[in-house]
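Before any comments, here is the structure.
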Number of protein chains: 2
Amino acid sequence: MPKSETPSAPFSYDGLDRVIHEKARLGLLTSLMAHPKGLAFADLKQLCGLTDGNLSRHLQVLQEAGLVEVTKGYEGNRPHTSCRLTRTGRRRFLDYLVVLERLVRDAARAAGKEGAPLARLGMLAT
Amino acid sequence: MPKSETPSAPFSYDGLDRVIHEKARLGLLTSLMAHPKGLAFADLKQLCGLTDGNLSRHLQVLQEAGLVEVTKGYEGNRPHTSCRLTRTGRRRFLDYLVVLERLVRDAARAAGKEGAPLARLGMLAT
């Protein structure tokens, strides 16, 4: 049992860090994990299907938590914003994913379908 | 690519239903999935490490969304509240889990560690 869980509360999933667990931020972190050298604001926006306002807001939360670095500069005459995952961000996202993977496994076991691919479970459940 | 994602926004994870995606509610749904005949309020509270107030609030959200049934009655002279997953709740939670599993897989691939157990990844990242 992971250290973060007490034996009496096996389904508390304390490791699901709220800064990371927000749906749009999960997409941002996954995109940035896939591009360790960083991504332009416009590319992130497209990959995650976000508006300018939403992307700015979520990047600010991630930046304040030290998970993401945002660099504002110019490319020629045009402003250019670039974003990358910090070393801390990568570590904390990987830690989070360990808990998330456990949750998926717990739920599959609870559904009595342990070991079955969930994509198939979803189809069976309809 | 799942129907809910557009090719241009592969990291939008539209299927992460906000009613389900909340951390405490994920624990509740997993607990109830493991106990298809239902659980007493007090047992759910302990399994998920929640206070009375938090448990009531999250159960109400799940009940209003049709995912959970809450039955209030008596056991002897004492009030007894019992909760169970509805058929819709089970199906929607399984659908959600398919998207969550894809996210874990995408992120593991992005980290360049596809196929490796994430529990090991987390340790490697520290």
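How things are named: the first chain in the structure tokens is A, the next is B, and so on; residues count from 1 in each chain; ligands count from 1 in the order shown.
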Distance filter 6 Å, only C-alpha atoms, chain A against chain B, as an NGL selection string
:A and (9-12 or 27 or 30 or 33-34 or 46-49 or 91 or 94-95 or 98 or 107 or 110-111 or 118-119 or 122 or 125)
Could you write out that same residue set with N, CA and C atoms as a PDB file, in the first residue's frame?
```pdb
ATOM      1  N   ALA A   9      -8.462   3.886   4.672  1.00  0.00           N
ATOM      2  CA  ALA A   9      -9.064   4.671   3.593  1.00  0.00           C
ATOM      3  C   ALA A   9      -8.380   4.342   2.268  1.00  0.00           C
ATOM      4  N   PRO A  10      -8.547   3.077   1.806  1.00  0.00           N
ATOM      5  CA  PRO A  10      -7.808   2.658   0.610  1.00  0.00           C
ATOM      6  C   PRO A  10      -8.244   3.377  -0.660  1.00  0.00           C
ATOM      7  N   PHE A  11      -9.424   4.037  -0.617  1.00  0.00           N
ATOM      8  CA  PHE A  11      -9.903   4.711  -1.827  1.00  0.00           C
ATOM      9  C   PHE A  11      -9.860   6.235  -1.713  1.00  0.00           C
ATOM     10  N   SER A  12      -8.906   6.743  -0.921  1.00  0.00           N
ATOM     11  CA  SER A  12      -8.838   8.211  -0.791  1.00  0.00           C
ATOM     12  C   SER A  12      -7.971   8.834  -1.891  1.00  0.00           C
ATOM     13  N   GLY A  27      -4.046  17.452 -20.078  1.00  0.00           N
ATOM     14  CA  GLY A  27      -3.718  17.488 -21.509  1.00  0.00           C
ATOM     15  C   GLY A  27      -2.463  18.309 -21.763  1.00  0.00           C
ATOM     16  N   THR A  30       0.626  16.350 -20.567  1.00  0.00           N
ATOM     17  CA  THR A  30       0.941  15.243 -21.481  1.00  0.00           C
ATOM     18  C   THR A  30       1.583  15.767 -22.769  1.00  0.00           C
ATOM     19  N   MET A  33       5.096  16.810 -21.915  1.00  0.00           N
ATOM     20  CA  MET A  33       5.916  15.620 -21.675  1.00  0.00           C
ATOM     21  C   MET A  33       6.400  15.058 -23.019  1.00  0.00           C
ATOM     22  N   ALA A  34       5.545  15.146 -24.033  1.00  0.00           N
ATOM     23  CA  ALA A  34       5.890  14.617 -25.358  1.00  0.00           C
ATOM     24  C   ALA A  34       6.864  15.525 -26.107  1.00  0.00           C
ATOM     25  N   GLN A  46      -3.598  24.337 -29.852  1.00  0.00           N
ATOM     26  CA  GLN A  46      -4.218  23.442 -30.831  1.00  0.00           C
ATOM     27  C   GLN A  46      -4.231  21.983 -30.345  1.00  0.00           C
ATOM     28  N   LEU A  47      -3.118  21.531 -29.796  1.00  0.00           N
ATOM     29  CA  LEU A  47      -3.027  20.132 -29.334  1.00  0.00           C
ATOM     30  C   LEU A  47      -4.067  19.832 -28.256  1.00  0.00           C
ATOM     31  N   CYS A  48      -4.339  20.846 -27.400  1.00  0.00           N
ATOM     32  CA  CYS A  48      -5.237  20.611 -26.259  1.00  0.00           C
ATOM     33  C   CYS A  48      -6.656  21.115 -26.508  1.00  0.00           C
ATOM     34  N   GLY A  49      -6.881  21.744 -27.669  1.00  0.00           N
ATOM     35  CA  GLY A  49      -8.224  22.230 -27.980  1.00  0.00           C
ATOM     36  C   GLY A  49      -8.711  23.285 -27.000  1.00  0.00           C
ATOM     37  N   ARG A  91       8.785  15.186 -12.727  1.00  0.00           N
ATOM     38  CA  ARG A  91       8.791  14.225 -11.615  1.00  0.00           C
ATOM     39  C   ARG A  91       7.401  14.137 -10.985  1.00  0.00           C
ATOM     40  N   LEU A  94       4.901  12.351 -13.201  1.00  0.00           N
ATOM     41  CA  LEU A  94       5.117  10.893 -13.165  1.00  0.00           C
ATOM     42  C   LEU A  94       4.593  10.303 -11.852  1.00  0.00           C
ATOM     43  N   ASP A  95       4.815  11.006 -10.733  1.00  0.00           N
ATOM     44  CA  ASP A  95       4.294  10.534  -9.434  1.00  0.00           C
ATOM     45  C   ASP A  95       2.764  10.455  -9.468  1.00  0.00           C
ATOM     46  N   VAL A  98       1.436   7.454 -11.413  1.00  0.00           N
ATOM     47  CA  VAL A  98       1.490   6.177 -10.688  1.00  0.00           C
ATOM     48  C   VAL A  98       0.183   5.967  -9.911  1.00  0.00           C
ATOM     49  N   ALA A 107     -10.196   0.086 -10.108  1.00  0.00           N
ATOM     50  CA  ALA A 107     -11.558   0.143 -10.646  1.00  0.00           C
ATOM     51  C   ALA A 107     -11.829  -1.054 -11.553  1.00  0.00           C
ATOM     52  N   ALA A 110     -12.406  -3.861  -9.309  1.00  0.00           N
ATOM     53  CA  ALA A 110     -13.724  -3.707  -8.687  1.00  0.00           C
ATOM     54  C   ALA A 110     -14.835  -4.111  -9.651  1.00  0.00           C
ATOM     55  N   ALA A 111     -14.600  -3.857 -10.937  1.00  0.00           N
ATOM     56  CA  ALA A 111     -15.609  -4.211 -11.944  1.00  0.00           C
ATOM     57  C   ALA A 111     -15.576  -5.703 -12.255  1.00  0.00           C
ATOM     58  N   LEU A 118      -9.498  -2.180 -20.769  1.00  0.00           N
ATOM     59  CA  LEU A 118     -10.676  -1.379 -20.434  1.00  0.00           C
ATOM     60  C   LEU A 118     -11.437  -0.934 -21.674  1.00  0.00           C
ATOM     61  N   ALA A 119     -10.727  -0.756 -22.775  1.00  0.00           N
ATOM     62  CA  ALA A 119     -11.431  -0.341 -23.993  1.00  0.00           C
ATOM     63  C   ALA A 119     -12.522  -1.367 -24.312  1.00  0.00           C
ATOM     64  N   GLY A 122     -15.450  -1.020 -21.700  1.00  0.00           N
ATOM     65  CA  GLY A 122     -16.362   0.082 -22.026  1.00  0.00           C
ATOM     66  C   GLY A 122     -17.407  -0.389 -23.019  1.00  0.00           C
ATOM     67  N   ALA A 125     -19.929  -2.709 -21.470  1.00  0.00           N
ATOM     68  CA  ALA A 125     -20.831  -2.079 -20.504  1.00  0.00           C
ATOM     69  C   ALA A 125     -22.004  -1.384 -21.179  1.00  0.00           C
TER      70      ALA A 125
END
```
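DSSP on the backbone gives strand (DSSP E or B) for these parts of chain B: Leu39, Ala40, Val68, Glu69, Val70, Thr71, Lys72, Gly73, Tyr74, Glu75, Arg78, Pro79, His80, Thr81, Ser82, Cys83, Arg84 and Leu85 of chain B.
Here CA of Gly76 in chain A and CA of Gly53 in chain A stand 24.3 Å from one another.
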Could you pull out the alpha helix (DSSP H) residues of chain B from DSSP and send them as a ChimeraX atom specification?
/B:18-21,23-34,41-48,52-64,87-110,118-125
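The spacing separating CA of Ala40 in chain B from CA of Leu67 in chain B amounts to 16.5 Å.
In this structure, CA of Gly89 in chain B sits 11.3 Å away from CA of Glu64 in chain B.
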